[in-house]
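S.K.: Input file: entry38.tsv. Contents: TSV, C-alpha atoms and all ligand atoms.
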chain	number	residue	atom	x	y	z
G	1	MET	CA	15.83	-8.13	18.52
G	2	ARG	CA	17.91	-8.32	15.32
G	3	ALA	CA	16.43	-7.76	11.88
G	4	LYS	CA	17.74	-7.36	8.36
G	5	ILE	CA	15.90	-4.56	6.62
G	6	VAL	CA	16.34	-3.92	2.91
G	7	VAL	CA	15.68	-0.33	1.85
G	8	LEU	CA	14.74	0.42	-1.76
G	9	PRO	CA	14.57	4.22	-2.00
G	10	GLY	CA	13.58	4.09	-5.69
G	11	ASP	CA	12.90	7.20	-7.75
G	12	GLY	CA	11.61	10.76	-7.43
G	13	ILE	CA	10.82	11.64	-3.82
G	14	GLY	CA	11.46	8.01	-2.79
G	15	PRO	CA	15.01	8.64	-1.48
G	16	GLU	CA	13.90	11.74	0.43
G	17	VAL	CA	11.05	10.05	2.29
G	18	THR	CA	12.85	6.76	2.98
G	19	ALA	CA	15.80	8.69	4.47
G	20	GLU	CA	13.43	10.08	7.11
G	21	ALA	CA	11.80	6.72	7.83
G	22	ILE	CA	15.30	5.28	8.34
G	23	ARG	CA	16.02	7.95	10.95
G	24	VAL	CA	12.85	6.90	12.75
G	25	LEU	CA	13.81	3.19	12.58
G	26	GLU	CA	17.27	4.04	13.94
G	27	ALA	CA	15.70	5.95	16.81
G	28	VAL	CA	13.44	2.99	17.58
G	29	ALA	CA	16.47	0.64	17.53
G	30	ARG	CA	18.50	2.87	19.87
G	31	LYS	CA	15.63	3.28	22.31
G	32	GLY	CA	14.68	-0.41	22.46
G	33	GLY	CA	18.15	-1.93	22.16
G	34	HIS	CA	17.34	-3.52	18.82
G	35	VAL	CA	19.77	-4.09	15.96
G	36	PHE	CA	18.42	-3.28	12.52
G	37	GLU	CA	20.90	-4.13	9.77
G	38	LEU	CA	19.91	-1.80	6.95
G	39	SER	CA	21.08	-2.28	3.37
G	40	GLU	CA	20.11	-0.08	0.43
G	41	HIS	CA	19.62	-1.28	-3.13
G	42	LEU	CA	18.50	0.08	-6.49
G	43	MET	CA	15.00	-0.76	-7.73
G	44	GLY	CA	12.84	0.99	-10.31
G	45	GLY	CA	14.00	3.62	-12.81
G	46	CYS	CA	17.34	4.06	-11.03
G	47	SER	CA	18.02	0.34	-11.54
G	48	ILE	CA	17.06	0.56	-15.22
G	49	ASP	CA	19.61	3.37	-15.65
G	50	ARG	CA	22.35	1.31	-13.98
G	51	HIS	CA	21.52	-2.29	-14.92
G	52	GLY	CA	18.99	-2.10	-17.74
G	53	THR	CA	16.31	-3.79	-15.63
G	54	ALA	CA	14.06	-2.48	-12.86
G	55	LEU	CA	14.77	-5.35	-10.46
G	56	THR	CA	17.93	-7.44	-10.68
G	57	PRO	CA	17.93	-11.04	-9.43
G	58	GLU	CA	20.51	-10.01	-6.79
G	59	VAL	CA	18.24	-7.33	-5.35
G	60	LEU	CA	15.24	-9.69	-5.33
G	61	ALA	CA	17.37	-12.30	-3.55
G	62	ALA	CA	18.48	-9.72	-0.95
G	63	CYS	CA	14.82	-8.84	-0.33
G	64	GLN	CA	13.85	-12.51	-0.02
G	65	ALA	CA	16.64	-13.04	2.53
G	66	SER	CA	15.56	-10.07	4.66
G	67	SER	CA	13.11	-9.68	7.53
G	68	ALA	CA	11.33	-6.84	5.73
G	69	VAL	CA	11.63	-4.40	2.84
G	70	LEU	CA	11.04	-0.65	2.99
G	71	LEU	CA	10.29	0.95	-0.36
G	72	GLY	CA	10.03	4.62	-1.34
G	73	ALA	CA	8.44	4.97	-4.78
G	74	VAL	CA	9.27	4.09	-8.36
G	75	GLY	CA	8.73	5.69	-11.75
G	76	GLY	CA	8.99	9.06	-13.45
G	77	PRO	CA	8.65	10.82	-16.82
G	78	LYS	CA	12.12	9.67	-17.87
G	79	TRP	CA	10.91	6.06	-18.12
G	80	ASP	CA	7.32	6.75	-19.22
G	81	ASP	CA	7.57	5.96	-22.94
G	82	PRO	CA	4.66	3.54	-23.62
G	83	ALA	CA	6.81	1.75	-26.22
G	84	ALA	CA	9.61	1.04	-23.71
G	85	LYS	CA	10.35	-2.62	-23.00
G	86	VAL	CA	11.58	-1.99	-19.49
G	87	ARG	CA	9.59	0.06	-17.00
G	88	PRO	CA	10.18	0.92	-13.32
G	89	GLU	CA	6.80	-0.55	-12.33
G	90	GLN	CA	7.94	-3.99	-13.51
G	91	GLY	CA	10.38	-3.92	-10.60
G	92	LEU	CA	7.61	-3.27	-8.10
G	93	LEU	CA	5.31	-5.93	-9.53
G	94	GLY	CA	8.22	-8.42	-9.72
G	95	LEU	CA	9.06	-7.72	-6.11
G	96	ARG	CA	5.46	-8.21	-4.93
G	97	LYS	CA	5.23	-11.47	-6.85
G	98	GLY	CA	8.74	-12.58	-5.85
G	99	LEU	CA	8.00	-12.03	-2.17
G	100	GLY	CA	4.56	-13.63	-2.47
G	101	VAL	CA	2.93	-10.71	-0.68
G	102	PHE	CA	-0.63	-11.35	-1.71
G	103	ALA	CA	-2.34	-8.91	0.65
G	104	ASN	CA	-1.81	-5.17	0.59
G	105	LEU	CA	-3.13	-3.49	3.73
G	106	ARG	CA	-4.03	0.17	3.29
G	107	PRO	CA	-5.51	1.71	6.42
G	108	VAL	CA	-7.30	5.03	6.00
G	109	ARG	CA	-7.97	7.18	9.03
G	110	VAL	CA	-8.96	10.80	9.10
G	111	HIS	CA	-6.89	12.73	11.59
G	112	PRO	CA	-9.31	15.14	13.33
G	113	ALA	CA	-6.84	18.00	12.78
G	114	LEU	CA	-6.82	17.36	9.03
G	115	VAL	CA	-10.54	17.35	8.40
G	116	ASP	CA	-10.19	20.70	6.64
G	117	ALA	CA	-7.42	19.36	4.39
G	118	SER	CA	-9.95	17.09	2.68
G	119	PRO	CA	-12.30	18.50	0.04
G	120	LEU	CA	-15.12	16.47	1.61
G	121	LYS	CA	-17.57	17.97	4.10
G	122	ALA	CA	-16.44	17.55	7.71
G	123	ASP	CA	-19.60	15.69	8.80
G	124	ARG	CA	-18.94	12.97	6.21
G	125	LEU	CA	-15.45	12.43	7.61
G	126	ALA	CA	-16.37	11.93	11.27
G	127	GLY	CA	-15.51	8.41	12.36
G	128	VAL	CA	-13.75	7.32	9.18
G	129	ASP	CA	-11.49	4.39	10.04
G	130	LEU	CA	-11.26	1.81	7.31
G	131	LEU	CA	-8.81	-0.79	6.14
G	132	VAL	CA	-8.64	-1.67	2.48
G	133	ILE	CA	-7.11	-5.07	1.79
G	134	ARG	CA	-6.09	-5.15	-1.84
G	135	GLU	CA	-5.27	-8.52	-3.39
G	136	LEU	CA	-1.75	-7.92	-4.72
G	137	THR	CA	-0.32	-10.82	-6.69
G	138	GLY	CA	-3.23	-11.81	-8.94
G	139	GLY	CA	-6.13	-10.31	-10.84
G	140	LEU	CA	-5.84	-7.96	-13.77
G	141	TYR	CA	-2.20	-7.08	-13.02
G	142	PHE	CA	-0.91	-10.62	-13.46
G	143	GLY	CA	-3.47	-12.65	-15.44
G	144	GLN	CA	-2.29	-14.44	-18.57
G	145	PRO	CA	-2.37	-13.94	-21.50
G	146	LYS	CA	-1.09	-10.40	-21.47
G	147	GLY	CA	0.50	-8.61	-24.39
G	148	ARG	CA	0.07	-7.47	-27.97
G	149	GLU	CA	-0.27	-8.92	-31.40
G	150	GLU	CA	-0.49	-7.40	-34.84
G	151	LYS	CA	-2.98	-8.80	-37.28
G	152	ASP	CA	-4.49	-7.51	-40.52
G	153	GLY	CA	-2.94	-4.09	-39.99
G	154	HIS	CA	-4.41	-3.72	-36.52
G	155	VAL	CA	-2.88	-3.98	-33.07
G	156	ARG	CA	-4.63	-6.03	-30.42
G	157	ALA	CA	-3.71	-5.60	-26.74
G	158	VAL	CA	-4.79	-8.07	-24.05
G	159	ASP	CA	-4.90	-8.09	-20.27
G	160	THR	CA	-6.57	-10.91	-18.40
G	161	LEU	CA	-8.46	-10.78	-15.12
G	162	GLU	CA	-7.77	-14.20	-13.64
G	163	TYR	CA	-8.22	-15.68	-10.17
G	164	HIS	CA	-7.88	-19.12	-8.68
G	165	ASP	CA	-10.17	-20.00	-5.78
G	166	TYR	CA	-7.21	-20.36	-3.38
G	167	GLU	CA	-5.97	-16.85	-4.23
G	168	VAL	CA	-9.33	-15.39	-3.24
G	169	GLN	CA	-9.58	-17.60	-0.19
G	170	ARG	CA	-6.26	-16.63	1.44
G	171	VAL	CA	-6.78	-12.89	1.12
G	172	VAL	CA	-10.42	-12.97	2.24
G	173	GLU	CA	-9.53	-15.17	5.22
G	174	LEU	CA	-6.93	-12.58	6.20
G	175	ALA	CA	-9.62	-9.88	5.90
G	176	PHE	CA	-11.82	-11.81	8.34
G	177	ARG	CA	-8.93	-12.29	10.80
G	178	LEU	CA	-8.09	-8.59	10.74
G	179	ALA	CA	-11.77	-7.63	11.03
G	180	ARG	CA	-11.86	-9.48	14.38
G	181	GLY	CA	-9.40	-6.93	15.80
G	182	ARG	CA	-11.61	-4.11	14.52
G	183	ARG	CA	-15.37	-3.58	14.12
G	184	ARG	CA	-16.03	-7.08	12.70
G	185	LYS	CA	-17.39	-5.96	9.37
G	186	VAL	CA	-16.08	-7.05	5.96
G	187	THR	CA	-17.21	-5.50	2.69
G	188	SER	CA	-16.14	-7.59	-0.28
G	189	VAL	CA	-16.00	-5.49	-3.44
G	190	ASP	CA	-16.41	-7.08	-6.86
G	191	LYS	CA	-18.17	-6.71	-10.22
G	192	ALA	CA	-20.13	-9.96	-10.03
G	193	ASN	CA	-22.90	-8.66	-12.29
G	194	VAL	CA	-20.43	-8.66	-15.19
G	195	LEU	CA	-17.22	-10.57	-14.48
G	196	GLU	CA	-16.85	-14.33	-14.09
G	197	SER	CA	-13.78	-13.86	-11.87
G	198	SER	CA	-15.95	-11.71	-9.59
G	199	ARG	CA	-18.62	-14.41	-9.39
G	200	LEU	CA	-15.94	-16.85	-8.22
G	201	TRP	CA	-14.67	-14.21	-5.80
G	202	ARG	CA	-18.19	-13.78	-4.40
G	203	GLN	CA	-18.79	-17.53	-4.06
G	204	VAL	CA	-15.53	-18.15	-2.22
G	205	THR	CA	-16.13	-15.11	0.01
G	206	SER	CA	-19.71	-16.14	0.84
G	207	ALA	CA	-18.49	-19.57	1.97
G	208	ILE	CA	-15.92	-17.95	4.25
G	209	GLY	CA	-18.62	-15.61	5.54
G	210	ALA	CA	-20.91	-18.55	6.34
G	211	ALA	CA	-18.12	-20.28	8.25
G	212	ASN	CA	-17.36	-17.10	10.25
G	213	PRO	CA	-20.72	-15.77	11.43
G	214	ASP	CA	-19.11	-13.57	14.10
G	215	VAL	CA	-18.00	-11.19	11.33
G	216	ALA	CA	-20.64	-9.38	9.27
G	217	LEU	CA	-20.08	-9.76	5.52
G	218	ASP	CA	-21.59	-7.78	2.73
G	219	HIS	CA	-20.89	-7.76	-1.00
G	220	MET	CA	-20.75	-4.52	-2.94
G	221	LEU	CA	-20.26	-3.83	-6.61
G	222	VAL	CA	-17.14	-1.79	-7.28
G	223	ASP	CA	-18.99	1.13	-8.86
G	224	THR	CA	-21.28	1.37	-5.84
G	225	ALA	CA	-18.26	1.12	-3.55
G	226	ALA	CA	-16.58	4.03	-5.35
G	227	MET	CA	-19.67	6.13	-4.72
G	228	ARG	CA	-20.18	5.02	-1.08
G	229	LEU	CA	-16.52	5.72	-0.28
G	230	VAL	CA	-17.13	9.42	-0.64
G	231	ALA	CA	-20.85	9.49	0.22
G	232	ALA	CA	-20.64	7.46	3.45
G	233	PRO	CA	-17.00	6.58	4.16
G	234	ALA	CA	-17.55	5.97	7.87
G	235	SER	CA	-19.83	3.03	7.04
G	236	PHE	CA	-16.84	0.87	6.01
G	237	ASP	CA	-14.63	-1.19	8.30
G	238	VAL	CA	-12.61	-3.77	6.31
G	239	VAL	CA	-12.82	-3.70	2.52
G	240	VAL	CA	-11.34	-6.60	0.55
G	241	THR	CA	-11.03	-6.56	-3.21
G	242	GLU	CA	-9.31	-7.46	-6.47
G	243	ASN	CA	-5.89	-5.99	-7.30
G	244	MET	CA	-6.88	-3.18	-9.66
G	245	PHE	CA	-10.17	-2.35	-7.94
G	246	GLY	CA	-8.06	-1.91	-4.78
G	247	ASP	CA	-5.52	0.25	-6.59
G	248	ILE	CA	-8.24	2.63	-7.74
G	249	LEU	CA	-10.33	2.65	-4.56
G	250	THR	CA	-7.32	3.41	-2.34
G	251	ASP	CA	-6.34	6.47	-4.35
G	252	GLU	CA	-9.93	7.59	-3.96
G	253	ALA	CA	-9.91	6.82	-0.23
G	254	SER	CA	-6.70	8.80	0.26
G	255	VAL	CA	-8.67	11.97	-0.42
G	256	LEU	CA	-10.53	11.32	2.84
G	257	ALA	CA	-7.28	11.60	4.79
G	258	GLY	CA	-6.49	15.00	3.30
G	259	SER	CA	-3.36	13.95	1.41
G	260	MET	CA	-1.92	10.89	-0.30
G	261	GLY	CA	1.26	11.78	1.56
G	262	MET	CA	-0.24	10.59	4.84
G	263	LEU	CA	-1.04	7.01	3.93
G	264	PRO	CA	1.08	3.93	4.61
G	265	SER	CA	0.76	0.40	3.36
G	266	ALA	CA	1.93	-3.06	4.27
G	267	SER	CA	2.11	-5.98	1.86
G	268	ILE	CA	2.21	-9.35	3.52
G	269	GLY	CA	2.00	-12.98	2.51
G	270	ALA	CA	2.33	-16.33	4.16
G	271	GLY	CA	5.04	-15.48	6.68
G	272	GLY	CA	7.97	-14.33	4.50
G	273	PRO	CA	9.37	-10.80	4.47
G	274	GLY	CA	6.78	-8.05	4.18
G	275	LEU	CA	6.99	-5.06	1.86
G	276	TYR	CA	6.24	-1.62	3.27
G	277	GLU	CA	5.64	1.46	1.16
G	278	PRO	CA	3.66	4.69	1.21
G	279	ILE	CA	0.71	4.60	-1.19
G	280	HIS	CA	1.85	7.76	-2.99
G	281	GLY	CA	4.00	7.68	-6.11
G	282	SER	CA	7.39	9.19	-6.95
G	283	ALA	CA	5.95	12.73	-7.38
G	284	PRO	CA	8.52	13.88	-9.97
G	285	ASP	CA	7.11	17.43	-9.84
G	286	ILE	CA	8.43	17.96	-6.30
G	287	ALA	CA	11.37	15.52	-6.30
G	288	GLY	CA	14.67	16.86	-4.99
G	289	LYS	CA	13.06	19.86	-3.29
G	290	GLY	CA	12.91	18.39	0.20
G	291	ILE	CA	9.24	19.24	0.63
G	292	ALA	CA	7.53	15.83	0.32
G	293	ASN	CA	5.50	14.59	3.27
G	294	PRO	CA	7.47	11.76	4.93
G	295	LEU	CA	4.60	10.59	7.15
G	296	GLY	CA	3.29	7.95	4.73
G	297	THR	CA	6.71	6.29	4.72
G	298	ILE	CA	7.28	6.75	8.45
G	299	LEU	CA	3.87	5.17	9.12
G	300	SER	CA	4.78	2.35	6.71
G	301	ALA	CA	7.89	1.74	8.82
G	302	ALA	CA	5.56	1.56	11.84
G	303	MET	CA	3.53	-1.10	10.04
G	304	MET	CA	6.80	-2.96	9.42
G	305	LEU	CA	7.59	-2.89	13.13
G	306	ARG	CA	4.15	-4.36	13.83
G	307	HIS	CA	3.64	-6.92	11.07
G	308	SER	CA	7.16	-8.17	10.25
G	309	LEU	CA	9.20	-7.51	13.40
G	310	GLY	CA	6.59	-8.18	16.06
G	311	LEU	CA	7.33	-4.83	17.75
G	312	GLU	CA	3.76	-3.71	18.47
G	313	ALA	CA	4.68	-1.25	21.26
G	314	GLU	CA	7.29	0.42	19.08
G	315	ALA	CA	4.86	0.59	16.13
G	316	ALA	CA	2.23	2.22	18.29
G	317	ALA	CA	4.79	4.69	19.68
G	318	VAL	CA	5.76	5.82	16.17
G	319	GLU	CA	2.09	6.19	15.22
G	320	ARG	CA	1.38	8.21	18.37
G	321	ALA	CA	4.37	10.47	17.67
G	322	ALA	CA	3.23	11.11	14.08
G	323	ASP	CA	-0.33	11.70	15.29
G	324	ALA	CA	0.79	14.14	17.94
G	325	ALA	CA	2.96	16.07	15.48
G	326	VAL	CA	-0.06	16.57	13.23
G	327	THR	CA	-2.30	17.44	16.19
G	328	ASP	CA	0.22	20.10	17.21
G	329	GLY	CA	0.10	21.68	13.75
G	330	ALA	CA	3.10	20.17	11.94
G	331	ARG	CA	2.30	20.51	8.22
G	332	THR	CA	4.22	19.86	5.03
G	333	ARG	CA	3.12	21.61	1.85
G	334	ASP	CA	0.59	18.97	0.82
G	335	LEU	CA	-1.20	19.69	4.10
G	336	GLY	CA	-1.14	23.44	3.57
G	337	GLY	CA	2.01	24.10	5.64
G	338	THR	CA	5.63	25.01	5.04
G	339	LEU	CA	7.66	22.32	6.85
G	340	SER	CA	10.37	20.53	4.90
G	341	THR	CA	10.54	16.75	4.69
G	342	ARG	CA	13.36	16.73	7.24
G	343	ALA	CA	11.61	19.18	9.60
G	344	MET	CA	8.41	17.08	9.58
G	345	ALA	CA	10.42	13.99	10.50
G	346	ASP	CA	12.16	16.00	13.24
G	347	GLU	CA	8.74	16.75	14.73
G	348	VAL	CA	8.02	13.02	14.87
G	349	LEU	CA	11.47	12.14	16.25
G	350	ARG	CA	11.22	14.73	19.01
G	351	ARG	CA	7.90	13.30	20.19
G	352	LEU	CA	9.16	9.73	19.89
G	353	ALA	CA	12.08	10.55	22.18
G	354	SER	CA	9.95	12.11	24.91
G	401	LIG	C1	0.30	1.49	-6.16
G	401	LIG	C2	0.82	2.01	-7.47
G	401	LIG	C3	1.36	0.84	-8.29
G	401	LIG	C4	0.20	-0.11	-8.54
G	401	LIG	C5	2.03	1.25	-9.61
G	401	LIG	C6	3.19	2.18	-9.38
G	401	LIG	C7	2.46	0.03	-10.40
G	401	LIG	O1	-0.16	2.71	-8.15
G	401	LIG	O2	1.07	0.87	-5.41
G	401	LIG	O3	-0.87	1.71	-5.87
G	401	LIG	O4	-0.60	0.12	-9.45
G	401	LIG	O5	0.09	-1.09	-7.80
G	402	MG	MG	-1.94	2.99	-7.02
Now that the file is in, can you turn its structure into structure tokens?
Ligand code: IPM
Ligand code: MG

M.R.:
Amino acid sequence: MRAKIVVLPGDGIGPEVTAEAIRVLEAVARKGGHVFELSEHLMGGCSIDRHGTALTPEVLAACQASSAVLLGAVGGPKWDDPAAKVRPEQGLLGLRKGLGVFANLRPVRVHPALVDASPLKADRLAGVDLLVIRELTGGLYFGQPKGREEKDGHVRAVDTLEYHDYEVQRVVELAFRLARGRRRKVTSVDKANVLESSRLWRQVTSAIGAANPDVALDHMLVDTAAMRLVAAPASFDVVVTENMFGDILTDEASVLAGSMGMLPSASIGAGGPGLYEPIHGSAPDIAGKGIANPLGTILSAAMMLRHSLGLEAEAAAVERAADAAVTDGARTRDLGGTLSTRAMADEVLRRLAS
């Protein structure tokens, strides 16, 4: 097959980890006779430095015209001034909105060989295999009004948690569809005891649950979910939730897997190009050292093969190769080892070729 893939390496360790995922995609293309046309663009802090904005209209248009987008990470101390008008994260949020990718899929599995890399007790981690579906283009990140005003010598700052019924419906329906390929259990996470938007979320979700009795649905308050995620993580199958609740819960869930560096994500919408990125950030403290774990990005590329390019066998092959590398003891520093970013990717590539 032919596919246009836009690569946005971004900032910090972003360029280092995307370079390795590209090598994996090239290997997949060679092996399967596919043609992936890759083009790299600036997005994030690097784009602010060059163009004064985190996401130019040209780069957004290139992403919209692609089959899929692979992203490294954005941000860093250089652009962290809270008074700044332009911020790297605006590029990421603009891209998510501009691509209409309303569902962010964050699978969390505990590799048996990495049980000791997690601070949690091993018996808690047995059988952990969950999929968090984070609503990505609404909620607290995008609600209006948003901003500041000065009045009577005081500053007032506002963010709004806003949802339309159809925004809840499309992401929860996707959660039910994906649950059918898994253990058929959906946990909808909200704060319905306090928030009106959560009461709407719960109503819409309950109606979908009633129409789909083959999937078990339960509702959980977000504070309880935060506690259960570490107390009984294996009890979850599919979790679906509001944008910021999902942001927070997936950082928490990454601890189960032993390292943030392991976890991929896929952001998908209603059939346009998907956006694929590791869940970790730009890690400025280790940027440029060649020691970041590339597996989160390589596994994100695997999700791209599956969800945007329809190459399920190739996706599974990449996942098996990454799995086998870890089983055989390949470890970057975040996992307690000494392998470089490049050497870790080599371990995956070698197994992919055999
Ligand atoms: C994530 C990140 C982003 C988010 C930041 C960088 C804006 O934390 O993808 O989880 O909050 O969505
Ligand atoms: Mg986050």

S.K.: Can I get the residues of chain G within 8 Å of ligand LIG 401 (chain G), each with the closest pair of atoms and their distance in Å to one decimal, using all atoms listed in the file, sorted chain first then ascending number, as a Markdown table?

M.R.:
| residue | atom | partner | partner_atom | distance |
| --- | --- | --- | --- | --- |
| G:Ala73 | CA | G:LIG401 | C6 | 7.5 |
| G:Val74 | CA | G:LIG401 | C6 | 6.5 |
| G:Gly75 | CA | G:LIG401 | C6 | 7.0 |
| G:Glu89 | CA | G:LIG401 | C7 | 4.8 |
| G:Gln90 | CA | G:LIG401 | C7 | 7.5 |
| G:Leu92 | CA | G:LIG401 | C7 | 6.5 |
| G:Leu93 | CA | G:LIG401 | C7 | 6.7 |
| G:Leu136 | CA | G:LIG401 | O5 | 7.7 |
| G:Asn243 | CA | G:LIG401 | O5 | 7.7 |
| G:Met244 | CA | G:LIG401 | O4 | 7.1 |
| G:Asp247 | CA | G:LIG401 | O3 | 4.9 |
| G:Ile248 | CA | G:LIG401 | O3 | 7.7 |
| G:Thr250 | CA | G:LIG401 | O3 | 7.5 |
| G:Asp251 | CA | G:LIG401 | O3 | 7.4 |
| G:Ile279 | CA | G:LIG401 | O2 | 5.6 |
| G:His280 | CA | G:LIG401 | C1 | 7.2 |
| G:Gly281 | CA | G:LIG401 | C6 | 6.4 |

S.K.: Please provide as a list in words all residues within 12 Å of Arg30 in chain G, with the sequence filter that same-chain residues fewer than 6 positions apart are discarded (counting only C-alpha atoms).

M.R.: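 Within the cut-off, the hits are Met1, Arg23, Val24, Phe36, Glu314, Leu352 and Ala353 of chain G.
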
S.K.: Go ahead and compute the interatomic distance for CA of Gly12 in chain G and CA of Leu335 in chain G, in Å to one decimal.

M.R.: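 These two atoms are separated by 19.4 Å.
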
S.K.: For Val35 in chain G, list every protein, DNA or RNA residue within 9 Å, evaluated using only C-alpha atoms, and leave out those in the same chain fewer than 3 positions away; present the list as an mmCIF file with C-alpha atoms, in the frame of the given file.

M.R.:
data_model
loop_
_atom_site.group_PDB
_atom_site.id
_atom_site.type_symbol
_atom_site.label_atom_id
_atom_site.label_comp_id
_atom_site.auth_asym_id
_atom_site.auth_seq_id
_atom_site.Cartn_x
_atom_site.Cartn_y
_atom_site.Cartn_z
ATOM 1 C CA MET G 1 15.830 -8.130 18.520
ATOM 2 C CA ARG G 2 17.910 -8.320 15.320
ATOM 3 C CA ALA G 3 16.430 -7.760 11.880
ATOM 4 C CA LYS G 4 17.740 -7.360 8.360
ATOM 5 C CA GLU G 26 17.270 4.040 13.940
ATOM 6 C CA ALA G 29 16.470 0.640 17.530
ATOM 7 C CA ARG G 30 18.500 2.870 19.870
#

S.K.: For a quick check of understanding, using all atoms listed in the file, which of G:Met344, G:Leu249, G:Leu299, G:Ala113 has the smallest distance to ligand MG 402 (chain G)?

M.R.: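 Among the listed residues, the smallest separation from ligand MG 402 (chain G) belongs to G:Leu249.
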
S.K.: Please work out which residues fall within 10 Å of (-18.8, -0.2, 5.5), coordinates as given in the file, with all atoms listed in the file counting, and return them as a PDB file with C-alpha atoms, keeping the file's coordinate frame.

M.R.:
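Result file is point_3.pdb:
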ATOM      1  CA  VAL G 128     -13.750   7.320   9.180  1.00  0.00           C
ATOM      2  CA  ASP G 129     -11.490   4.390  10.040  1.00  0.00           C
ATOM      3  CA  LEU G 130     -11.260   1.810   7.310  1.00  0.00           C
ATOM      4  CA  ARG G 183     -15.370  -3.580  14.120  1.00  0.00           C
ATOM      5  CA  LYS G 185     -17.390  -5.960   9.370  1.00  0.00           C
ATOM      6  CA  VAL G 186     -16.080  -7.050   5.960  1.00  0.00           C
ATOM      7  CA  THR G 187     -17.210  -5.500   2.690  1.00  0.00           C
ATOM      8  CA  SER G 188     -16.140  -7.590  -0.280  1.00  0.00           C
ATOM      9  CA  LEU G 217     -20.080  -9.760   5.520  1.00  0.00           C
ATOM     10  CA  ASP G 218     -21.590  -7.780   2.730  1.00  0.00           C
ATOM     11  CA  MET G 220     -20.750  -4.520  -2.940  1.00  0.00           C
ATOM     12  CA  ALA G 225     -18.260   1.120  -3.550  1.00  0.00           C
ATOM     13  CA  ARG G 228     -20.180   5.020  -1.080  1.00  0.00           C
ATOM     14  CA  LEU G 229     -16.520   5.720  -0.280  1.00  0.00           C
ATOM     15  CA  ALA G 232     -20.640   7.460   3.450  1.00  0.00           C
ATOM     16  CA  PRO G 233     -17.000   6.580   4.160  1.00  0.00           C
ATOM     17  CA  ALA G 234     -17.550   5.970   7.870  1.00  0.00           C
ATOM     18  CA  SER G 235     -19.830   3.030   7.040  1.00  0.00           C
ATOM     19  CA  PHE G 236     -16.840   0.870   6.010  1.00  0.00           C
ATOM     20  CA  ASP G 237     -14.630  -1.190   8.300  1.00  0.00           C
ATOM     21  CA  VAL G 238     -12.610  -3.770   6.310  1.00  0.00           C
ATOM     22  CA  VAL G 239     -12.820  -3.700   2.520  1.00  0.00           C
TER      23      VAL G 239
END

S.K.: Grab the CA of Thr332 in chain G to CA of Leu105 in chain G distance for me, in Å with one decimal place.

M.R.: 24.5 Å

S.K.: Closest to ligand MG 402 (chain G) among G:Ser265, G:Gln64, G:Thr205, G:Asn193, using only C-alpha atoms and all ligand atoms?

M.R.: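 Of G:Ser265, G:Gln64, G:Thr205, G:Asn193, the one nearest ligand MG 402 (chain G), counting only C-alpha atoms and all ligand atoms, is G:Ser265.
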
S.K.: Between CA of Ser300 in chain G and CA of Glu277 in chain G, what distance in Å does the model show, to one decimal?

M.R.: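 Going from CA of Ser300 in chain G over to CA of Glu277 in chain G, I get 5.7 Å.
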
S.K.: Compare G:Arg106, G:Lys31, G:Lys85, G:Arg320 by their minimum atom-to-atom distance to ligand MG 402 (chain G), counting all atoms listed in the file, and give me the closest one.

M.R.: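 Using all atoms listed in the file, the shortest distance to ligand MG 402 (chain G) belongs to G:Arg106.
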
S.K.: For ligand MG 402 (chain G), which residue among G:Ala324, G:Leu305, G:Ala253, G:Ile291 is the nearest when counting only C-alpha atoms and all ligand atoms?

M.R.: G:Ala253

S.K.: Looking at only C-alpha atoms, which of G:Ala84, G:Val171, G:Cys63, G:Leu178 is the one that sits closest to Val204 in chain G?

M.R.: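 Closest to Val204 in chain G, using only C-alpha atoms: G:Val171.
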
S.K.: Which residue gives the smallest distance to ligand MG 402 (chain G) among G:His307, G:Lys191, G:Lys151, G:Arg134, with only C-alpha atoms and all ligand atoms counted?

M.R.: G:Arg134

S.K.: Tell me, as a count of residues only, which residues lie within 10 Å of Gly44 in chain G, counting all atoms listed in the file; anything in the same chain fewer than 3 positions away does not count.

M.R.: 23

S.K.: Given the point (3.4, 10.7, 17.0) in the file's coordinates, find the residues that have an atom at most 12 Å from it, counting all atoms listed in the file, and give them as number ranges by chain.

M.R.: G: 24, 111, 295, 298-299, 302, 314-330, 344-354

S.K.: Include C-alpha atoms and write out the residues we just selected as a short mmCIF file (atom, residue, chain, number, x, y, z; two decimals), in the frame of the given file.

M.R.:
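Result written to selection10.cif:
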data_model
loop_
_atom_site.label_atom_id
_atom_site.label_comp_id
_atom_site.auth_asym_id
_atom_site.auth_seq_id
_atom_site.Cartn_x
_atom_site.Cartn_y
_atom_site.Cartn_z
CA VAL G 24 12.85 6.90 12.75
CA HIS G 111 -6.89 12.73 11.59
CA LEU G 295 4.60 10.59 7.15
CA ILE G 298 7.28 6.75 8.45
CA LEU G 299 3.87 5.17 9.12
CA ALA G 302 5.56 1.56 11.84
CA GLU G 314 7.29 0.42 19.08
CA ALA G 315 4.86 0.59 16.13
CA ALA G 316 2.23 2.22 18.29
CA ALA G 317 4.79 4.69 19.68
CA VAL G 318 5.76 5.82 16.17
CA GLU G 319 2.09 6.19 15.22
CA ARG G 320 1.38 8.21 18.37
CA ALA G 321 4.37 10.47 17.67
CA ALA G 322 3.23 11.11 14.08
CA ASP G 323 -0.33 11.70 15.29
CA ALA G 324 0.79 14.14 17.94
CA ALA G 325 2.96 16.07 15.48
CA VAL G 326 -0.06 16.57 13.23
CA THR G 327 -2.30 17.44 16.19
CA ASP G 328 0.22 20.10 17.21
CA GLY G 329 0.10 21.68 13.75
CA ALA G 330 3.10 20.17 11.94
CA MET G 344 8.41 17.08 9.58
CA ALA G 345 10.42 13.99 10.50
CA ASP G 346 12.16 16.00 13.24
CA GLU G 347 8.74 16.75 14.73
CA VAL G 348 8.02 13.02 14.87
CA LEU G 349 11.47 12.14 16.25
CA ARG G 350 11.22 14.73 19.01
CA ARG G 351 7.90 13.30 20.19
CA LEU G 352 9.16 9.73 19.89
CA ALA G 353 12.08 10.55 22.18
CA SER G 354 9.95 12.11 24.91
#
